[in-house]
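Colleague: Structure file coords_24.txt (compact mmCIF, C-alpha atoms and all ligand atoms) right here:
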# COMPACT_ATOMS: atom_id res chain seq x y z
CA MET A 1 -2.82 -11.11 -35.74
CA ILE A 2 -2.92 -9.67 -32.26
CA LEU A 3 -2.12 -12.91 -30.48
CA ILE A 4 1.46 -12.86 -29.36
CA GLY A 5 2.01 -16.22 -27.68
CA ASP A 6 1.56 -19.49 -29.53
CA LYS A 7 -1.36 -20.57 -27.31
CA GLU A 8 -4.62 -18.68 -27.24
CA PHE A 9 -6.03 -18.41 -23.71
CA TYR A 10 -9.07 -16.24 -24.33
CA LYS A 11 -10.52 -18.26 -27.21
CA GLY A 12 -13.31 -16.85 -29.25
CA ILE A 13 -12.77 -13.29 -28.07
CA ASN A 14 -11.47 -10.78 -30.60
CA LYS A 15 -10.02 -7.37 -30.10
CA ILE A 16 -12.50 -5.12 -28.28
CA SER A 17 -13.38 -2.09 -30.32
CA TYR A 18 -15.52 0.99 -29.97
CA GLU A 19 -19.00 0.48 -31.44
CA GLY A 20 -20.91 3.30 -29.77
CA LYS A 21 -23.83 3.28 -27.36
CA LYS A 22 -26.32 1.85 -29.87
CA SER A 23 -24.33 -1.38 -30.18
CA ASP A 24 -25.77 -4.39 -28.42
CA ASN A 25 -22.50 -6.28 -28.61
CA PRO A 26 -21.46 -6.85 -24.98
CA LEU A 27 -17.84 -7.29 -26.09
CA ALA A 28 -17.53 -3.76 -27.48
CA TYR A 29 -16.94 -0.32 -26.00
CA LYS A 30 -20.02 1.87 -25.89
CA TYR A 31 -18.25 5.05 -24.70
CA TYR A 32 -14.50 4.42 -24.62
CA ASN A 33 -13.29 5.59 -27.99
CA PRO A 34 -9.48 5.75 -27.56
CA GLU A 35 -8.89 8.27 -30.34
CA LYS A 36 -11.78 10.60 -29.48
CA ILE A 37 -10.67 13.99 -28.24
CA ILE A 38 -12.28 15.33 -25.06
CA ALA A 39 -11.04 18.48 -23.36
CA GLY A 40 -8.14 18.76 -25.77
CA LYS A 41 -6.75 15.25 -25.33
CA LYS A 42 -7.40 11.80 -26.72
CA MET A 43 -9.35 9.58 -24.35
CA LYS A 44 -6.54 7.04 -24.27
CA ASP A 45 -4.12 9.77 -23.14
CA HIS A 46 -6.45 11.05 -20.43
CA PHE A 47 -6.72 7.59 -18.95
CA LYS A 48 -3.69 5.46 -19.79
CA PHE A 49 -5.74 2.42 -18.76
CA ALA A 50 -3.69 -0.30 -17.13
CA VAL A 51 -4.45 -3.91 -16.21
CA ALA A 52 -3.42 -5.01 -12.70
CA TYR A 53 -1.38 -8.18 -13.18
CA TRP A 54 -2.19 -9.48 -9.70
CA HIS A 55 -5.97 -9.36 -9.86
CA SER A 56 -6.39 -10.44 -13.46
CA PHE A 57 -3.76 -13.16 -13.84
CA CYS A 58 -2.69 -14.23 -10.33
CA GLY A 59 -5.63 -14.05 -7.94
CA LEU A 60 -7.71 -17.21 -8.01
CA GLY A 61 -10.69 -15.89 -6.09
CA SER A 62 -10.01 -17.38 -2.67
CA ASP A 63 -11.67 -15.83 0.38
CA PRO A 64 -11.38 -16.52 4.13
CA PHE A 65 -14.02 -19.25 3.74
CA GLY A 66 -12.78 -21.16 0.74
CA PRO A 67 -10.08 -21.64 -1.88
CA GLY A 68 -9.89 -20.09 -5.32
CA THR A 69 -12.41 -20.90 -8.01
CA GLN A 70 -10.44 -19.94 -11.12
CA GLU A 71 -8.80 -22.70 -13.12
CA PHE A 72 -6.38 -20.68 -15.21
CA GLU A 73 -4.86 -22.55 -18.15
CA TRP A 74 -1.57 -20.74 -17.63
CA ASN A 75 -1.16 -22.26 -14.18
CA LYS A 76 -1.04 -25.83 -15.45
CA SER A 77 2.71 -26.37 -16.02
CA GLY A 78 4.75 -28.05 -13.27
CA ASP A 79 7.63 -25.62 -13.78
CA PRO A 80 7.41 -22.15 -12.18
CA ILE A 81 9.35 -20.51 -15.03
CA GLN A 82 7.05 -22.02 -17.63
CA ARG A 83 4.00 -21.03 -15.57
CA ALA A 84 5.27 -17.44 -15.48
CA LYS A 85 5.85 -17.43 -19.24
CA ASP A 86 2.39 -18.85 -19.89
CA LYS A 87 0.94 -16.24 -17.58
CA ALA A 88 2.76 -13.49 -19.48
CA ASP A 89 1.37 -14.91 -22.74
CA ALA A 90 -2.13 -14.73 -21.28
CA ALA A 91 -1.55 -11.25 -19.89
CA PHE A 92 -0.31 -9.81 -23.17
CA GLU A 93 -3.07 -11.54 -25.10
CA PHE A 94 -5.62 -9.97 -22.75
CA ILE A 95 -4.11 -6.48 -22.66
CA THR A 96 -3.82 -6.27 -26.44
CA LYS A 97 -7.31 -7.67 -26.97
CA MET A 98 -8.62 -4.94 -24.65
CA GLY A 99 -6.73 -2.35 -26.70
CA PHE A 100 -5.02 -1.08 -23.53
CA ASN A 101 -1.45 0.20 -23.53
CA TYR A 102 -0.34 -0.47 -19.95
CA PHE A 103 -0.07 -2.92 -17.08
CA CYS A 104 1.03 -2.68 -13.43
CA PHE A 105 2.77 -5.42 -11.49
CA HIS A 106 4.29 -6.53 -8.20
CA ASP A 107 7.59 -8.41 -8.38
CA VAL A 108 5.98 -11.68 -7.31
CA ASP A 109 3.08 -11.31 -9.78
CA ILE A 110 5.21 -11.80 -12.85
CA ILE A 111 6.88 -14.89 -11.36
CA GLU A 112 6.25 -16.83 -8.16
CA GLU A 113 8.56 -16.07 -5.26
CA ALA A 114 11.20 -18.77 -4.66
CA ASN A 115 12.48 -20.01 -1.29
CA THR A 116 15.37 -17.57 -1.20
CA LEU A 117 15.86 -13.97 -2.16
CA SER A 118 18.65 -14.80 -4.61
CA GLU A 119 16.62 -17.53 -6.30
CA THR A 120 13.69 -15.12 -6.68
CA GLU A 121 16.03 -12.56 -8.23
CA LYS A 122 17.28 -15.15 -10.73
CA ARG A 123 13.71 -16.01 -11.67
CA LEU A 124 12.88 -12.32 -12.12
CA GLN A 125 15.83 -11.89 -14.46
CA ILE A 126 14.49 -14.68 -16.66
CA ILE A 127 10.91 -13.47 -16.80
CA ARG A 128 11.80 -9.80 -17.26
CA ASP A 129 13.63 -10.66 -20.50
CA TYR A 130 10.61 -12.60 -21.68
CA ILE A 131 8.22 -9.79 -20.79
CA LYS A 132 10.41 -7.11 -22.34
CA GLU A 133 10.29 -8.90 -25.67
CA LYS A 134 6.50 -9.12 -25.48
CA MET A 135 6.38 -5.41 -24.66
CA ARG A 136 8.51 -4.66 -27.69
CA ILE A 137 6.28 -6.64 -30.03
CA SER A 138 2.98 -5.38 -28.63
CA GLY A 139 3.85 -1.80 -27.69
CA VAL A 140 2.35 -2.41 -24.23
CA LYS A 141 4.13 -0.48 -21.45
CA VAL A 142 4.55 -0.56 -17.68
CA LEU A 143 2.56 2.15 -15.90
CA TRP A 144 4.17 1.21 -12.60
CA GLY A 145 5.96 -1.57 -10.82
CA THR A 146 6.10 -2.31 -7.11
CA ALA A 147 7.41 -4.78 -4.54
CA ASN A 148 5.04 -7.04 -2.66
CA CYS A 149 6.40 -6.50 0.86
CA PHE A 150 3.26 -7.71 2.56
CA SER A 151 2.38 -11.32 1.59
CA ASN A 152 5.49 -13.16 2.75
CA PRO A 153 5.06 -14.17 6.43
CA ILE A 154 8.42 -12.58 7.29
CA TYR A 155 6.68 -9.22 6.94
CA MET A 156 4.04 -10.00 9.56
CA ASN A 157 5.45 -7.22 11.81
CA GLY A 158 6.00 -4.81 8.95
CA ALA A 159 8.50 -4.35 6.12
CA ALA A 160 10.21 -0.92 6.27
CA THR A 161 8.58 -0.42 9.68
CA ASN A 162 9.53 -3.80 11.14
CA PRO A 163 10.94 -3.54 14.67
CA GLU A 164 13.76 -5.93 13.63
CA PHE A 165 16.54 -4.47 11.46
CA ASN A 166 17.22 -7.67 9.50
CA ILE A 167 13.69 -7.64 8.15
CA VAL A 168 13.97 -3.95 7.24
CA ALA A 169 17.12 -4.84 5.30
CA ARG A 170 15.26 -7.70 3.64
CA ALA A 171 12.54 -5.26 2.56
CA GLY A 172 15.22 -2.92 1.22
CA ALA A 173 16.75 -5.76 -0.79
CA GLN A 174 13.40 -6.75 -2.25
CA ILE A 175 12.63 -3.13 -3.16
CA LYS A 176 16.03 -2.84 -4.88
CA VAL A 177 15.28 -5.85 -7.07
CA ALA A 178 11.76 -4.60 -7.82
CA LEU A 179 13.23 -1.22 -8.81
CA ASP A 180 15.79 -2.96 -11.04
CA THR A 181 12.99 -4.92 -12.68
CA THR A 182 10.79 -1.84 -13.16
CA ILE A 183 13.67 0.19 -14.61
CA PHE A 184 14.63 -2.69 -16.92
CA LEU A 185 11.04 -2.74 -18.22
CA ASN A 186 11.06 1.06 -18.69
CA GLY A 187 8.39 1.48 -16.03
CA GLU A 188 6.98 4.98 -16.09
CA ASN A 189 6.42 5.09 -12.32
CA TYR A 190 7.01 3.13 -9.13
CA VAL A 191 4.47 2.55 -6.32
CA PHE A 192 4.77 2.12 -2.56
CA TRP A 193 1.70 0.69 -0.92
CA GLY A 194 2.49 0.02 2.73
CA GLY A 195 0.32 -3.03 3.30
CA ARG A 196 2.06 -4.02 6.55
CA GLU A 197 3.38 -0.55 7.39
CA GLY A 198 1.27 0.26 10.41
CA TYR A 199 0.34 -1.53 13.58
CA MET A 200 -2.06 -3.95 15.18
CA SER A 201 -1.50 -2.60 18.71
CA LEU A 202 0.15 0.61 19.85
CA LEU A 203 1.15 -1.15 23.08
CA ASN A 204 4.02 -2.90 21.29
CA THR A 205 4.77 -0.15 18.74
CA LYS A 206 7.12 2.84 18.63
CA MET A 207 5.24 4.80 16.02
CA GLY A 208 7.68 7.69 15.59
CA LYS A 209 10.64 5.36 15.10
CA GLU A 210 8.74 3.28 12.57
CA LEU A 211 7.75 6.38 10.58
CA ASP A 212 11.39 7.51 10.49
CA HIS A 213 12.39 4.08 9.18
CA MET A 214 9.69 4.11 6.53
CA ALA A 215 10.95 7.50 5.31
CA GLN A 216 14.53 6.27 5.35
CA ILE A 217 13.66 3.33 3.08
CA LEU A 218 11.89 5.69 0.67
CA ILE A 219 14.91 8.01 0.61
CA LEU A 220 17.26 5.08 -0.10
CA ALA A 221 14.93 3.70 -2.78
CA ARG A 222 14.64 7.09 -4.48
CA ASP A 223 18.38 7.73 -4.41
CA TYR A 224 19.16 4.26 -5.74
CA ALA A 225 16.57 4.47 -8.53
CA ARG A 226 17.77 7.92 -9.58
CA SER A 227 21.37 6.66 -9.61
CA GLN A 228 20.21 3.95 -12.02
CA GLY A 229 18.66 6.51 -14.35
CA PHE A 230 15.02 6.18 -13.28
CA LYS A 231 13.22 9.35 -14.36
CA GLY A 232 9.68 8.42 -13.35
CA THR A 233 7.59 9.41 -10.37
CA PHE A 234 7.26 7.54 -7.09
CA PHE A 235 3.73 7.14 -5.82
CA ILE A 236 2.56 6.49 -2.29
CA GLU A 237 -0.80 4.72 -2.22
CA PRO A 238 -2.78 5.66 0.90
CA LYS A 239 -5.05 3.16 2.63
CA PRO A 240 -6.34 3.47 6.19
CA MET A 241 -6.45 -0.18 7.24
CA GLU A 242 -6.49 -3.78 6.00
CA PRO A 243 -4.38 -5.74 6.51
CA MET A 244 -3.19 -3.71 9.51
CA LYS A 245 -5.62 -2.27 12.02
CA HIS A 246 -4.06 1.11 11.32
CA GLN A 247 -1.85 1.92 8.34
CA TYR A 248 0.52 4.87 8.40
CA ASP A 249 -0.41 6.15 4.93
CA PHE A 250 -3.99 6.49 6.18
CA ASP A 251 -5.30 8.89 3.54
CA ALA A 252 -4.10 11.62 1.19
CA ALA A 253 -3.80 14.11 4.05
CA ALA A 254 -1.67 11.79 6.19
CA ALA A 255 0.52 10.73 3.26
CA ILE A 256 1.11 14.32 2.14
CA GLY A 257 2.01 15.34 5.68
CA PHE A 258 4.50 12.47 5.75
CA ILE A 259 5.94 13.30 2.32
CA ASN A 260 6.45 16.94 3.29
CA LYS A 261 7.84 16.17 6.74
CA TYR A 262 10.60 14.05 5.22
CA GLY A 263 11.30 16.34 2.26
CA LEU A 264 10.16 13.83 -0.37
CA GLU A 265 7.81 16.16 -2.25
CA LYS A 266 9.95 16.54 -5.38
CA ASP A 267 9.92 12.84 -6.22
CA PHE A 268 6.76 11.50 -4.61
CA LYS A 269 3.11 11.93 -5.62
CA LEU A 270 0.01 9.95 -4.64
CA ASN A 271 -1.78 7.01 -6.18
CA ILE A 272 -5.40 7.39 -5.07
CA GLU A 273 -7.57 4.26 -4.92
CA VAL A 274 -11.36 4.59 -4.87
CA ASN A 275 -12.02 1.85 -2.33
CA HIS A 276 -9.22 3.07 -0.06
CA ALA A 277 -10.79 6.52 -0.02
CA THR A 278 -14.15 5.14 1.04
CA LEU A 279 -12.53 2.87 3.67
CA ALA A 280 -11.05 6.07 5.14
CA GLN A 281 -14.59 7.52 5.32
CA HIS A 282 -13.82 9.92 2.48
CA SER A 283 -15.28 10.13 -0.98
CA PHE A 284 -13.02 9.33 -3.94
CA GLU A 285 -13.30 12.92 -5.16
CA HIS A 286 -12.28 14.21 -1.75
CA GLU A 287 -9.02 12.28 -1.93
CA LEU A 288 -8.39 13.43 -5.51
CA ALA A 289 -9.06 17.05 -4.62
CA PHE A 290 -6.88 16.86 -1.53
CA ALA A 291 -4.00 15.42 -3.55
CA ALA A 292 -4.51 17.94 -6.35
CA ASN A 293 -4.47 20.87 -3.93
CA SER A 294 -0.97 19.87 -2.89
CA ASN A 295 0.19 19.23 -6.43
CA MET A 296 0.31 15.52 -5.61
CA LEU A 297 -2.30 13.94 -7.90
CA GLY A 298 -0.15 11.27 -9.52
CA SER A 299 -2.22 8.25 -10.45
CA ILE A 300 -5.47 6.37 -9.81
CA ASP A 301 -6.28 2.81 -8.77
CA ALA A 302 -9.77 2.35 -10.13
CA ASN A 303 -12.28 0.14 -8.38
CA ARG A 304 -15.24 0.54 -6.08
CA GLY A 305 -16.30 -0.53 -2.62
CA ASP A 306 -19.64 -1.72 -1.42
CA TYR A 307 -22.23 0.34 0.47
CA GLN A 308 -22.96 -2.51 2.85
CA ASN A 309 -19.59 -4.21 3.34
CA GLY A 310 -16.85 -2.25 5.03
CA TRP A 311 -13.83 -3.81 3.41
CA ASP A 312 -11.69 -3.46 0.29
CA THR A 313 -14.00 -5.36 -2.05
CA ASP A 314 -12.09 -4.14 -5.13
CA GLN A 315 -15.06 -4.37 -7.48
CA PHE A 316 -14.84 -2.90 -10.95
CA PRO A 317 -16.06 0.72 -11.23
CA ASN A 318 -19.69 1.21 -12.27
CA ASN A 319 -20.79 4.37 -10.50
CA ILE A 320 -21.22 7.18 -13.03
CA TYR A 321 -22.02 9.78 -10.33
CA GLU A 322 -18.86 8.97 -8.40
CA ILE A 323 -16.56 8.88 -11.42
CA THR A 324 -18.09 12.01 -13.00
CA GLN A 325 -17.18 14.00 -9.90
CA ALA A 326 -13.67 12.56 -10.16
CA MET A 327 -13.44 13.49 -13.85
CA ILE A 328 -14.45 17.09 -13.11
CA ILE A 329 -11.38 17.28 -10.89
CA LEU A 330 -9.19 15.53 -13.44
CA ILE A 331 -10.16 17.93 -16.24
CA LYS A 332 -9.77 21.00 -14.05
CA GLU A 333 -6.34 19.81 -12.89
CA GLY A 334 -5.19 19.09 -16.42
CA GLY A 335 -4.73 15.39 -15.74
CA LEU A 336 -2.62 13.07 -13.61
CA MET A 337 1.03 13.75 -12.87
CA GLY A 338 2.69 10.88 -14.69
CA GLY A 339 0.21 8.15 -13.83
CA GLY A 340 -2.93 6.65 -15.30
CA ILE A 341 -5.99 4.60 -14.45
CA ASN A 342 -5.01 1.17 -13.14
CA PHE A 343 -7.90 -1.25 -12.72
CA ASP A 344 -6.98 -2.49 -9.25
CA ALA A 345 -10.16 -4.56 -9.27
CA LYS A 346 -11.09 -8.20 -9.30
CA LEU A 347 -13.86 -10.43 -10.51
CA ARG A 348 -16.28 -11.85 -8.01
CA ARG A 349 -15.42 -15.37 -6.88
CA ASN A 350 -18.23 -16.86 -8.92
CA SER A 351 -17.32 -15.10 -12.17
CA THR A 352 -15.46 -17.96 -13.78
CA ASP A 353 -16.08 -17.69 -17.52
CA ASN A 354 -13.36 -16.68 -19.94
CA ASP A 355 -15.20 -13.54 -20.97
CA ASP A 356 -15.96 -12.22 -17.47
CA ILE A 357 -12.63 -10.41 -17.18
CA PHE A 358 -13.40 -8.67 -20.50
CA HIS A 359 -16.86 -7.51 -19.38
CA ALA A 360 -15.31 -6.21 -16.16
CA HIS A 361 -12.67 -4.09 -17.89
CA ILE A 362 -15.01 -2.95 -20.69
CA GLY A 363 -17.45 -1.77 -18.05
CA GLY A 364 -14.72 0.03 -16.12
CA ALA A 365 -13.34 1.76 -19.22
CA ASP A 366 -16.81 2.76 -20.39
CA VAL A 367 -17.72 4.24 -17.00
CA PHE A 368 -14.59 6.39 -17.06
CA ALA A 369 -15.16 7.40 -20.67
CA ARG A 370 -18.81 8.26 -20.18
CA SER A 371 -18.01 10.17 -16.99
CA LEU A 372 -15.30 12.15 -18.75
CA ILE A 373 -17.75 13.17 -21.47
CA ILE A 374 -20.33 14.24 -18.87
CA ALA A 375 -17.75 16.12 -16.80
CA ASP A 376 -16.51 17.97 -19.87
CA LYS A 377 -20.07 19.03 -20.74
CA ILE A 378 -20.80 20.16 -17.20
CA ILE A 379 -17.67 22.29 -17.24
CA ASN A 380 -18.18 23.76 -20.70
CA GLU A 381 -21.92 23.82 -21.35
CA SER A 382 -23.50 24.41 -17.97
CA ASN A 383 -23.19 27.30 -15.54
CA TYR A 384 -21.38 25.06 -13.04
CA VAL A 385 -18.04 26.87 -13.19
CA SER A 386 -19.65 30.27 -12.83
CA ILE A 387 -21.76 29.11 -9.87
CA LEU A 388 -18.59 27.94 -8.17
CA GLU A 389 -16.63 31.09 -9.00
CA ASN A 390 -19.50 33.24 -7.89
CA ARG A 391 -19.57 31.55 -4.50
CA TYR A 392 -16.11 32.91 -3.72
CA LYS A 393 -16.37 36.25 -5.50
CA SER A 394 -16.13 38.22 -2.23
CA PHE A 395 -12.42 37.38 -2.27
CA ASP A 396 -11.87 38.72 -5.80
CA ASN A 397 -11.44 42.32 -4.70
CA GLY A 398 -11.84 44.69 -1.78
CA LEU A 399 -11.43 43.43 1.76
CA GLY A 400 -11.69 39.76 0.79
CA LYS A 401 -8.71 40.14 -1.49
CA LYS A 402 -6.77 41.97 1.21
CA PHE A 403 -7.52 39.12 3.62
CA GLU A 404 -6.16 36.58 1.12
CA SER A 405 -2.98 38.53 0.61
CA GLY A 406 -2.40 38.84 4.35
CA GLU A 407 -3.05 42.57 4.56
CA LEU A 408 -5.67 42.32 7.31
CA SER A 409 -5.09 41.69 11.00
CA LEU A 410 -7.40 39.92 13.40
CA GLU A 411 -8.30 43.36 14.80
CA ASP A 412 -9.25 44.42 11.24
CA LEU A 413 -11.61 41.45 11.02
CA TYR A 414 -13.06 42.51 14.36
CA GLU A 415 -13.76 46.00 13.00
CA ILE A 416 -15.19 44.71 9.73
CA ALA A 417 -17.49 42.25 11.50
CA HIS A 418 -18.82 44.99 13.71
CA LYS A 419 -19.54 47.19 10.70
CA ASN A 420 -21.51 44.32 9.11
CA PRO A 421 -23.40 42.84 12.03
CA ASP A 422 -25.91 41.06 9.82
CA PRO A 423 -24.26 39.29 6.82
CA LYS A 424 -26.89 37.63 4.67
CA LEU A 425 -27.30 33.88 4.28
CA ILE A 426 -26.21 32.71 0.81
CA SER A 427 -27.43 29.40 -0.58
CA GLY A 428 -24.82 26.77 -1.49
CA LYS A 429 -27.05 25.55 -4.38
CA GLN A 430 -26.02 21.93 -3.80
CA GLU A 431 -29.17 20.32 -5.17
CA LEU A 432 -29.08 22.47 -8.30
CA ILE A 433 -25.49 21.42 -9.00
CA GLU A 434 -26.16 17.75 -8.24
CA ASN A 435 -28.87 17.76 -10.90
CA LEU A 436 -26.35 18.74 -13.58
CA ILE A 437 -24.90 15.22 -13.65
CA ASN A 438 -28.31 13.82 -14.45
CA GLN A 439 -28.94 16.52 -17.03
CA TYR A 440 -25.74 15.84 -18.98
CA LEU A 441 -25.80 12.04 -18.65
C1 LIG A 501 -4.17 -3.12 -1.83
C2 LIG A 501 -3.52 -2.22 -2.78
C3 LIG A 501 -2.48 -2.88 -3.66
C4 LIG A 501 -1.60 -1.84 -4.29
C5 LIG A 501 -0.32 -2.37 -4.86
O1 LIG A 501 -5.20 -2.82 -1.24
O2 LIG A 501 -4.50 -1.61 -3.54
O3 LIG A 501 -3.10 -3.67 -4.61
O4 LIG A 501 -2.27 -1.15 -5.29
O5 LIG A 501 0.46 -2.98 -3.92
NI NI A 502 -6.62 -1.79 -2.67
NI NI A 503 -4.15 -0.39 -5.19
For this file, write the structure as structure tokens.
Modeller:
Amino acid sequence: MILIGDKEFYKGINKISYEGKKSDNPLAYKYYNPEKIIAGKKMKDHFKFAVAYWHSFCGLGSDPFGPGTQEFEWNKSGDPIQRAKDKADAAFEFITKMGFNYFCFHDVDIIEEANTLSETEKRLQIIRDYIKEKMRISGVKVLWGTANCFSNPIYMNGAATNPEFNIVARAGAQIKVALDTTIFLNGENYVFWGGREGYMSLLNTKMGKELDHMAQILILARDYARSQGFKGTFFIEPKPMEPMKHQYDFDAAAAIGFINKYGLEKDFKLNIEVNHATLAQHSFEHELAFAANSNMLGSIDANRGDYQNGWDTDQFPNNIYEITQAMIILIKEGGLMGGGINFDAKLRRNSTDNDDIFHAHIGGADVFARSLIIADKIINESNYVSILENRYKSFDNGLGKKFESGELSLEDLYEIAHKNPDPKLISGKQELIENLINQYL
């Protein structure tokens, strides 16, 4: 019996299993076969799929024009502690029925925030015991925890970057409790997404001071967590905007510059989210490659944006071309540094059936699995790698190699260029390479 709580919330839905692409059962995996080995690793270990507590069990589907549409059974009790326990029952039922091994959470996802900090902490201590027991029974683990330092109105001017010290201290206190909770639940990593860390207008903002404060909070959080025995990785999750007009962790490049400037590179990596990449006018694979180049590719928040709407629509992934390019990077990099694939994605407001959340996650897992298979074939069966290597072969020896190793001066380049006044044009072969995805689909 996979059901852990005494109530069943997702009635009539059994454990999702792999049935292969010929299956016409919509509640089965067509490509995600957890035990199947691709590129030397089991699929489940490549991905470490995680359910985002906030989108799947908290968000009710409200938008700026209307309230939520979800009528979750676990929200029915009049007591916040009981509601949180019911929600945990639903969450663990869902995660185990999906056959996933992980979840991610904000402090105020696992139990509603109370009126005071100390009351919220008391509530967290109750629910964390409850959740830990469910983790023990089910084997489900925490991929990462985090503090929601963006929803509470007190953070309207920022959390770590608030111009008022008392609010910065309040953010520090909340992060301490979220770290305690994550460590208690053996969280493998801890995330910082700076939802309110940025500005609406530069006219009232001292940017340099705010960046120093943000770094200071990260330093204190790291030192505290390490002193409590936390061995995991800290992730910064870049996003260019929304809710702020401009967020400090704009993209991978900005976040890495920040991490290096403040000497945080030993403990901090990046959590790259698809829709955040596209909001920053980058492709997902660009952000992954940028992080990987700096040895910073920690984790992924999986979702997708919308070609027409320019906001964080957080839809479930379904773009094989996009994810295949991401999987090529993942395989070549040898995987994520400590993290996994967290479905930071939500149902559409009008998806209100019990099974919709299953279809969403099955689709997401299958897209990643199928893309991984295609990427592996492109790398191993096609001439893709050799085309790429060949493109840079002029640096493998001779003058190109000397240039790379710093043995040539600018005057040397001047001489060389004059000896070769007419270098030939070499095709980039983009269309040929693009066709490989279609060929190996
Ligand atoms: C919001 C972010 C958020 C983080 C966790 O856009 O994606 O959900 O992942 O705070
Ligand atoms: Ni997001
Ligand atoms: Ni996210």
Colleague: Between A:Asp356, A:Glu285, A:Glu237, A:Glu404, which has the minimum distance to ligand LIG 501 (chain A) (counting only C-alpha atoms and all ligand atoms)?
Modeller: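 Of the candidates, the smallest distance to ligand LIG 501 (chain A) is held by A:Glu237.
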Colleague: When you draw a straight line from CA of Asn435 in chain A to CA of Gln315 in chain A, how long is it in Å?
Modeller: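 Rounded to one decimal, the two atoms are 26.3 Å apart.
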Colleague: Could you state the separation of CA of Phe343 in chain A and CA of Val177 in chain A in Å, given to one decimal place?
Modeller: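 CA of Val177 in chain A lies 24.3 Å from CA of Phe343 in chain A.
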Colleague: Output as CSV one row per residue of chain A within 8 Å of ligand LIG 501 (chain A): the closest atom pair and its distance in Å to one decimal place, counting all atoms listed in the file, sorted by chain and residue number ascending.
Modeller:
residue,atom,partner,partner_atom,distance
A:Trp54,CA,A:LIG501,O3,7.8
A:Phe105,CA,A:LIG501,C5,7.9
A:His106,CA,A:LIG501,O5,6.8
A:Thr146,CA,A:LIG501,O5,6.5
A:Ala147,CA,A:LIG501,O5,7.2
A:Asn148,CA,A:LIG501,O5,6.2
A:Val191,CA,A:LIG501,C5,7.0
A:Phe192,CA,A:LIG501,O5,6.8
A:Trp193,CA,A:LIG501,O5,4.9
A:Gly194,CA,A:LIG501,O5,7.6
A:Gly195,CA,A:LIG501,C1,6.8
A:Glu237,CA,A:LIG501,O4,6.8
A:Lys239,CA,A:LIG501,O1,7.1
A:Glu242,CA,A:LIG501,O1,7.4
A:Glu273,CA,A:LIG501,O2,6.8
A:His276,CA,A:LIG501,O1,7.2
A:Asp301,CA,A:LIG501,O4,6.6
A:Asp312,CA,A:LIG501,O1,6.7
A:Asp344,CA,A:LIG501,O3,6.2
Colleague: Please produce a file of those selected residues containing C-alpha atoms, as a short mmCIF file (atom, residue, chain, number, x, y, z; two decimals), in the coordinates of the input.
Modeller:
data_model
loop_
_atom_site.label_atom_id
_atom_site.label_comp_id
_atom_site.auth_asym_id
_atom_site.auth_seq_id
_atom_site.Cartn_x
_atom_site.Cartn_y
_atom_site.Cartn_z
CA TRP A 54 -2.19 -9.48 -9.70
CA PHE A 105 2.77 -5.42 -11.49
CA HIS A 106 4.29 -6.53 -8.20
CA THR A 146 6.10 -2.31 -7.11
CA ALA A 147 7.41 -4.78 -4.54
CA ASN A 148 5.04 -7.04 -2.66
CA VAL A 191 4.47 2.55 -6.32
CA PHE A 192 4.77 2.12 -2.56
CA TRP A 193 1.70 0.69 -0.92
CA GLY A 194 2.49 0.02 2.73
CA GLY A 195 0.32 -3.03 3.30
CA GLU A 237 -0.80 4.72 -2.22
CA LYS A 239 -5.05 3.16 2.63
CA GLU A 242 -6.49 -3.78 6.00
CA GLU A 273 -7.57 4.26 -4.92
CA HIS A 276 -9.22 3.07 -0.06
CA ASP A 301 -6.28 2.81 -8.77
CA ASP A 312 -11.69 -3.46 0.29
CA ASP A 344 -6.98 -2.49 -9.25
#
Colleague: Taking all atoms of range 277-286 of chain A that appear in the file, build a box with edges along x, y and z, extend it by 3 Å on every side, and state its centre and edge lengths in Å to one decimal, as AutoDock Vina command-line options.
Modeller:
--center_x -13.0 --center_y 8.5 --center_z 0.1 --size_x 10.5 --size_y 17.3 --size_z 16.5
Colleague: Choose the residue, out of A:Leu436, A:Leu336, A:Ala50, A:Val168, that has the smallest atom-to-atom separation from ligand NI 503 (chain A); count all atoms listed in the file.
Modeller: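 Smallest separation from ligand NI 503 (chain A) among the options: A:Ala50.
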Colleague: Take CA of Asp314 in chain A and CA of Glu287 in chain A and report the distance between them in Å, one decimal.
Modeller: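 Atom-to-atom, CA of Asp314 in chain A and CA of Glu287 in chain A are spaced 17.0 Å apart.
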Colleague: In terms of the shortest atom-to-atom distance over all atoms listed in the file, which of A:Asn260, A:Met244, A:Val367, A:Met327 is closest to Phe284 in chain A?
Modeller: A:Met327
Colleague: Tell me which residues come within 6 Å of (-15.7, -16.9, -11.4), as an mmCIF file with C-alpha atoms, in the frame of the given file, counting only C-alpha atoms in the file's coordinates.
Modeller:
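Output file result_8.cif follows:
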data_model
loop_
_atom_site.group_PDB
_atom_site.id
_atom_site.type_symbol
_atom_site.label_atom_id
_atom_site.label_comp_id
_atom_site.auth_asym_id
_atom_site.auth_seq_id
_atom_site.Cartn_x
_atom_site.Cartn_y
_atom_site.Cartn_z
ATOM 1 C CA ARG A 349 -15.420 -15.370 -6.880
ATOM 2 C CA ASN A 350 -18.230 -16.860 -8.920
ATOM 3 C CA SER A 351 -17.320 -15.100 -12.170
ATOM 4 C CA THR A 352 -15.460 -17.960 -13.780
#
Colleague: Quick one: residues within 9 Å of range 208-211 of chain A, only C-alpha atoms counted, chain neighbours fewer than 6 positions away excluded, as a CSV table (one decimal) with C-alpha atoms, keeping the file's coordinate frame?
Modeller:
chain,number,residue,atom,x,y,z
A,160,ALA,CA,10.2,-0.9,6.3
A,161,THR,CA,8.6,-0.4,9.7
A,162,ASN,CA,9.5,-3.8,11.1
A,163,PRO,CA,10.9,-3.5,14.7
A,197,GLU,CA,3.4,-0.6,7.4
A,198,GLY,CA,1.3,0.3,10.4
A,248,TYR,CA,0.5,4.9,8.4
A,258,PHE,CA,4.5,12.5,5.8
